[in-house]
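J.: One file: query.cif (mmCIF, C-alpha atoms).
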```cif
data_run
#
loop_
_atom_site.label_atom_id
_atom_site.label_comp_id
_atom_site.auth_asym_id
_atom_site.auth_seq_id
_atom_site.Cartn_x
_atom_site.Cartn_y
_atom_site.Cartn_z
CA MET A 26 0.00 0.00 0.00
CA SER A 27 1.32 3.43 -0.94
CA THR A 28 1.18 6.63 1.05
CA ILE A 29 1.02 10.13 -0.46
CA LYS A 30 3.14 12.72 1.35
CA SER A 31 4.20 16.30 0.69
CA LEU A 32 7.42 16.87 -1.22
CA TYR A 33 8.80 20.39 -0.89
CA GLY A 34 11.15 21.95 -3.38
CA THR A 35 14.20 24.01 -2.46
CA ASN A 36 13.28 26.85 -0.12
CA ASN A 37 14.10 30.53 -0.67
CA GLN A 38 13.73 30.42 -4.46
CA ALA A 39 14.09 34.07 -5.48
CA ILE A 40 11.30 35.93 -7.24
CA THR A 41 12.70 38.87 -9.21
CA ILE A 42 10.79 42.02 -8.24
CA THR A 43 12.17 45.46 -7.41
CA LEU A 44 10.29 46.80 -4.38
CA ALA A 45 12.75 49.40 -3.03
CA SER A 46 11.31 52.92 -3.33
CA LEU A 47 7.90 51.69 -4.53
CA THR A 48 5.67 54.73 -4.19
CA ASN A 49 2.38 54.74 -2.33
CA ALA A 50 -0.57 53.43 -4.42
CA ALA A 51 1.83 51.96 -7.00
CA PHE A 52 1.98 48.38 -8.28
CA ARG A 53 5.07 46.36 -9.25
CA GLN A 54 5.10 43.01 -11.09
CA SER A 55 7.69 40.27 -10.81
CA THR A 56 9.41 38.29 -13.49
CA ALA A 57 7.36 35.17 -14.22
CA VAL A 58 8.37 31.85 -12.66
CA ASP A 59 8.51 28.93 -15.11
CA ASN A 60 6.92 25.82 -13.60
CA THR A 61 7.17 23.60 -16.70
CA THR A 62 10.20 21.68 -15.41
CA ASN A 63 9.45 21.26 -11.70
CA LEU A 64 5.71 20.76 -12.20
CA PHE A 65 4.90 21.95 -8.69
CA LEU A 66 1.26 21.68 -7.63
CA ASP A 67 1.55 24.86 -5.57
CA ALA A 68 4.06 27.56 -4.72
CA LEU A 69 4.19 29.15 -1.28
CA VAL A 70 5.24 32.80 -1.56
CA SER A 71 6.75 35.02 1.15
CA VAL A 72 7.45 38.74 0.83
CA VAL A 73 9.62 40.87 3.12
CA ILE A 74 9.16 44.64 2.96
CA LYS A 75 10.43 47.63 4.93
CA THR A 76 8.39 50.77 5.43
CA ALA A 77 9.65 54.32 5.06
CA ALA A 78 11.22 56.34 7.88
CA ALA A 79 8.19 58.66 8.00
CA SER A 80 4.54 59.04 6.94
CA THR A 81 3.53 55.37 7.13
CA SER A 82 -0.22 55.18 7.75
CA SER A 83 -1.58 53.49 10.88
CA THR A 84 -3.88 51.59 8.50
CA GLY A 85 -1.18 50.85 5.91
CA TYR A 86 -0.73 47.55 4.10
CA VAL A 87 0.95 45.89 1.17
CA ALA A 88 -1.20 43.68 -1.06
CA VAL A 89 0.28 40.67 -2.86
CA TYR A 90 -1.46 39.40 -5.99
CA ALA A 91 -0.81 36.49 -8.36
CA TYR A 92 -0.85 36.47 -12.14
CA GLY A 93 -0.56 33.53 -14.49
CA THR A 94 -0.92 32.21 -18.02
CA THR A 95 -2.36 29.22 -19.86
CA ASP A 96 -0.43 29.74 -23.08
CA GLY A 97 3.20 29.44 -21.99
CA GLY A 98 3.67 33.14 -21.32
CA THR A 99 2.19 34.92 -24.33
CA HIS A 100 -0.73 36.42 -22.39
CA TYR A 101 -0.72 36.96 -18.63
CA THR A 102 -3.52 37.98 -16.26
CA ASP A 103 -4.63 41.60 -16.60
CA GLY A 104 -1.90 42.47 -19.11
CA ALA A 105 1.07 41.58 -16.91
CA SER A 106 4.23 41.22 -19.00
CA GLY A 107 6.10 38.48 -17.13
CA THR A 108 9.01 40.84 -16.42
CA ASP A 109 10.01 42.91 -13.37
CA GLY A 110 8.44 46.33 -13.86
CA ALA A 111 5.73 48.82 -13.06
CA PHE A 112 2.18 47.53 -13.45
CA THR A 113 -1.15 49.26 -14.02
CA PRO A 114 -4.14 47.01 -13.32
CA THR A 115 -7.52 47.33 -14.97
CA THR A 116 -10.41 48.65 -12.88
CA PRO A 117 -11.59 46.48 -11.26
CA PRO A 118 -8.39 44.42 -11.40
CA ASN A 119 -8.35 40.89 -12.81
CA ILE A 120 -5.28 39.86 -10.80
CA ARG A 121 -5.89 37.54 -7.82
CA LEU A 122 -5.24 38.68 -4.25
CA ILE A 123 -3.19 36.06 -2.41
CA GLY A 124 -2.38 37.99 0.78
CA LEU A 125 -2.11 41.22 2.72
CA ILE A 126 0.80 42.40 4.82
CA ASN A 127 -0.10 44.91 7.54
CA ALA A 128 2.49 47.69 7.44
CA VAL A 129 1.52 50.27 10.02
CA ALA A 130 4.74 51.68 11.53
CA ASN A 131 7.69 53.68 10.21
CA SER A 132 11.07 52.00 9.55
CA THR A 133 9.72 48.53 10.26
CA THR A 134 10.36 45.24 8.47
CA TYR A 135 7.29 43.09 7.83
CA VAL A 136 7.11 39.50 6.56
CA GLY A 137 4.03 38.25 4.76
CA GLY A 138 3.16 34.71 3.85
CA PRO A 139 3.48 31.99 3.05
CA PHE A 140 0.72 32.66 0.52
CA SER A 141 -0.55 29.94 -1.81
CA VAL A 142 -0.40 30.82 -5.52
CA ALA A 143 -2.48 27.81 -6.62
CA ALA A 144 -5.35 28.91 -4.36
CA ALA A 145 -5.69 32.04 -6.50
CA PHE A 146 -6.34 29.88 -9.56
CA GLY A 147 -8.85 27.40 -8.16
CA GLY A 148 -6.18 25.11 -6.71
CA VAL A 149 -4.08 24.71 -9.88
CA LEU A 150 -0.68 26.37 -10.30
CA PRO A 151 -0.26 27.81 -13.82
CA ASP A 152 2.75 26.73 -15.90
CA HIS A 153 4.08 30.31 -15.67
CA TRP A 154 3.11 32.59 -12.80
CA GLY A 155 4.29 35.65 -10.90
CA ILE A 156 3.33 38.14 -8.22
CA ILE A 157 2.28 41.77 -8.20
CA VAL A 158 2.80 43.94 -5.12
CA GLU A 159 0.71 47.02 -4.33
CA ASN A 160 2.00 49.58 -1.82
CA GLU A 161 -0.81 51.09 0.27
CA THR A 162 1.30 52.14 3.28
CA GLY A 163 0.74 55.88 2.83
CA ALA A 164 4.41 56.46 1.96
CA THR A 165 7.11 55.35 -0.45
CA LEU A 166 8.76 52.12 0.73
CA ASP A 167 12.35 52.12 2.04
CA ALA A 168 15.00 52.79 -0.61
CA THR A 169 17.50 50.04 0.31
CA ALA A 170 17.11 47.05 -2.01
CA ALA A 171 18.58 44.64 0.57
CA ASN A 172 15.55 45.30 2.82
CA PHE A 173 13.21 43.49 0.41
CA VAL A 174 12.88 39.79 -0.36
CA ALA A 175 10.35 37.87 -2.42
CA ASP A 176 10.76 34.11 -2.60
CA TYR A 177 8.85 30.88 -2.94
CA GLN A 178 8.99 27.20 -2.19
CA GLY A 179 7.33 24.71 -4.53
CA TRP A 180 5.20 21.83 -3.31
CA GLN A 181 4.09 18.58 -4.89
CA ASN A 182 2.96 15.09 -3.88
CA GLN A 183 5.21 12.06 -3.54
CA VAL A 184 4.19 8.44 -3.27
CA VAL A 185 6.11 6.44 -0.68
#
```
Step by step, read the file and then write its structure as structure tokens.
T.:
Amino acid sequence: MSTIKSLYGTNNQAITITLASLTNAAFRQSTAVDNTTNLFLDALVSVVIKTAAASTSSTGYVAVYAYGTTDGGTHYTDGASGTDGAFTPTTPPNIRLIGLINAVANSTTYVGGPFSVAAAFGGVLPDHWGIIVENETGATLDATAANFVADYQGWQNQVV
């Protein structure tokens, strides 16, 4: 008789996204992650951010969204490009919220996640996917690139 158990991929897999100095109310998209080799069933995403030295709102937050594709990367959710860059969503947005990070104090590091990417797509991880981060802290995020991390760990089943 076989048993199905979780099999986790390598942790701390970098997601390329430039979050330093992201202005308030702005969105930034990551480079797409190619899942066609690993064939993970889900990806657990974590995001580390640091707020500005001043003007952070007591109700501030950072929203993390997922985007994906079904055609190998030709067309992504809501017009995402699959590359690290600024992003302007449609209204209302078609990207999928995967998590919120409360960010309510100045000069503070916050860690959000792990957030499931597959959950945003009905439980199925697209063959190419990425994240989009929205800054709603009331201020521009910290300017030091080393204060920001976005990474993931893949997950799949194994039969033992």
J.: Please report, as lines of an AutoDock Vina configuration file, the centre and edge lengths in Å to one decimal of an axis-aligned box covering all listed atoms of range 162-175 of chain A with 8 Å per side.
T.:
```
center_x = 9.7
center_y = 47.2
center_z = 0.4
size_x = 33.8
size_y = 34.6
size_z = 21.7
```
J.: Got a sec: who's within 6 Å of Arg121 in chain A, counting only C-alpha atoms, leaving out chain neighbours fewer than 3 positions off, as a list in words?
T.: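 The residues satisfying every condition are Tyr90, Ala91 and Ala145 of chain A.
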J.: Check the smallest atom-to-atom distance from each of A:Ser141, A:Asn160, A:Asn60, A:Asn131 to Ala78 in chain A using all atoms listed in the file, then report the winner.
T.: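 Looking only at the distances to Ala78 in chain A, the closest residue turns out to be A:Asn131.
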J.: Return as a PyMOL selection string the set of residues that the PyMOL selection byres ((chain A and resi 27) around 10) yields on the displayed structure.
T.: chain A and resi 26+28-30+183-185
J.: Between CA of Ile120 in chain A and CA of Thr62 in chain A, what is the distance, to one decimal in Å?
T.: 24.3 Å
J.: I need the residue nearest Tyr92 in chain A from this list: A:Leu64, A:Ile123, A:Ala45, A:Val174. Use all atoms listed in the file for the distance.
T.: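 The shortest atom-to-atom distance to Tyr92 in chain A comes from A:Ile123.
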J.: Interatomic distance between CA of Ser71 in chain A and CA of Asn127 in chain A?
T.: 13.6 Å
J.: When you draw a straight line from CA of Asn36 in chain A to CA of Asn182 in chain A, how long is it in Å?
T.: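 Interatomic distance, CA of Asn36 in chain A to CA of Asn182 in chain A: 16.1 Å.
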J.: How would you write as a CSV table (one decimal) with C-alpha atoms, in the frame of the given file the residues that get within 9 Å of (6.9, 58.3, 7.4) in the file's frame, counting only C-alpha atoms?
T.:
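In the end it all went to selection-v2.csv:
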```csv
chain,number,residue,atom,x,y,z
A,76,THR,CA,8.4,50.8,5.4
A,77,ALA,CA,9.6,54.3,5.1
A,78,ALA,CA,11.2,56.3,7.9
A,79,ALA,CA,8.2,58.7,8.0
A,80,SER,CA,4.5,59.0,6.9
A,81,THR,CA,3.5,55.4,7.1
A,82,SER,CA,-0.2,55.2,7.8
A,130,ALA,CA,4.7,51.7,11.5
A,131,ASN,CA,7.7,53.7,10.2
A,132,SER,CA,11.1,52.0,9.6
A,163,GLY,CA,0.7,55.9,2.8
A,164,ALA,CA,4.4,56.5,2.0
A,165,THR,CA,7.1,55.4,-0.4
```
J.: Hey, which of A:Phe65, A:Phe140, A:Tyr135, A:Phe173 ends up closest to Ile156 in chain A? Count only C-alpha atoms.
T.: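 Among the listed residues, A:Phe140 lies closest to Ile156 in chain A.
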J.: Which residue, A:Ala105, A:Leu69, A:Ile42, A:Ala143, has the smallest gap to Gln178 in chain A when you use all atoms listed in the file?
T.: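 That would be A:Leu69, the residue with the smallest distance to Gln178 in chain A.
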J.: Neighbourhood query: residues within 7 Å of (3.4, 46.4, -11.0), file coordinates, counting all atoms listed in the file; return as a list in words.
T.: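 Protein, DNA and RNA residues close to (3.4, 46.4, -11.0): Phe52, Arg53, Gln54, Gly110, Ala111, Phe112, Thr113, Ile157 and Val158 of chain A.
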J.: With the PyMOL selection byres ((chain A and resi 128) around 6) as the selection, what would be picked from this file? Answer as a PyMOL selection string, please.
T.: chain A and resi 85-86+127+129
J.: Selected residues, C-alpha atoms, written as a PDB file, keeping the file's coordinate frame, please.
T.:
```pdb
ATOM      1  CA  GLY A  85      -1.180  50.850   5.910  1.00  0.00           C
ATOM      2  CA  TYR A  86      -0.730  47.550   4.100  1.00  0.00           C
ATOM      3  CA  ASN A 127      -0.100  44.910   7.540  1.00  0.00           C
ATOM      4  CA  VAL A 129       1.520  50.270  10.020  1.00  0.00           C
TER       5      VAL A 129
END
```
J.: May I have the residues within 10 Å of Thr95 in chain A as a VMD selection string, using only C-alpha atoms and disregarding those fewer than 3 positions away in the same chain?
T.: chain A and resid 98 to 102 151 to 154
J.: Output C-alpha atoms for every residue in the selection just made, as a PDB file, in the coordinates of the input.
T.:
```pdb
ATOM      1  CA  GLY A  98       3.670  33.140 -21.320  1.00  0.00           C
ATOM      2  CA  THR A  99       2.190  34.920 -24.330  1.00  0.00           C
ATOM      3  CA  HIS A 100      -0.730  36.420 -22.390  1.00  0.00           C
ATOM      4  CA  TYR A 101      -0.720  36.960 -18.630  1.00  0.00           C
ATOM      5  CA  THR A 102      -3.520  37.980 -16.260  1.00  0.00           C
ATOM      6  CA  PRO A 151      -0.260  27.810 -13.820  1.00  0.00           C
ATOM      7  CA  ASP A 152       2.750  26.730 -15.900  1.00  0.00           C
ATOM      8  CA  HIS A 153       4.080  30.310 -15.670  1.00  0.00           C
ATOM      9  CA  TRP A 154       3.110  32.590 -12.800  1.00  0.00           C
TER      10      TRP A 154
END
```
J.: Once the PyMOL selection byres ((chain A and resi 40) around 10) is applied to the coordinates I shared, what remains selected? I want it as a ChimeraX atom specification.
T.: /A:37-39,41-43,55-58,70-72,109,155-156,174-177
J.: Have a look at A:Pro114, A:Thr84, A:Glu159, A:Gly138 and name the one nearest to Ala51 in chain A; count only C-alpha atoms.
T.: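 Nearest to Ala51 in chain A: A:Glu159.
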J.: Using only C-alpha atoms, can you tell me which of A:Leu66, A:Gly124, A:Ala144, A:Ser46 comes closest to Ala170 in chain A?
T.: A:Ser46
J.: Could you pull the residues within 9 Å of Thr115 in chain A, counting all atoms listed in the file, minus those fewer than 4 positions along the same chain, as a PyMOL selection string?
T.: chain A and resi 103-104+119-120
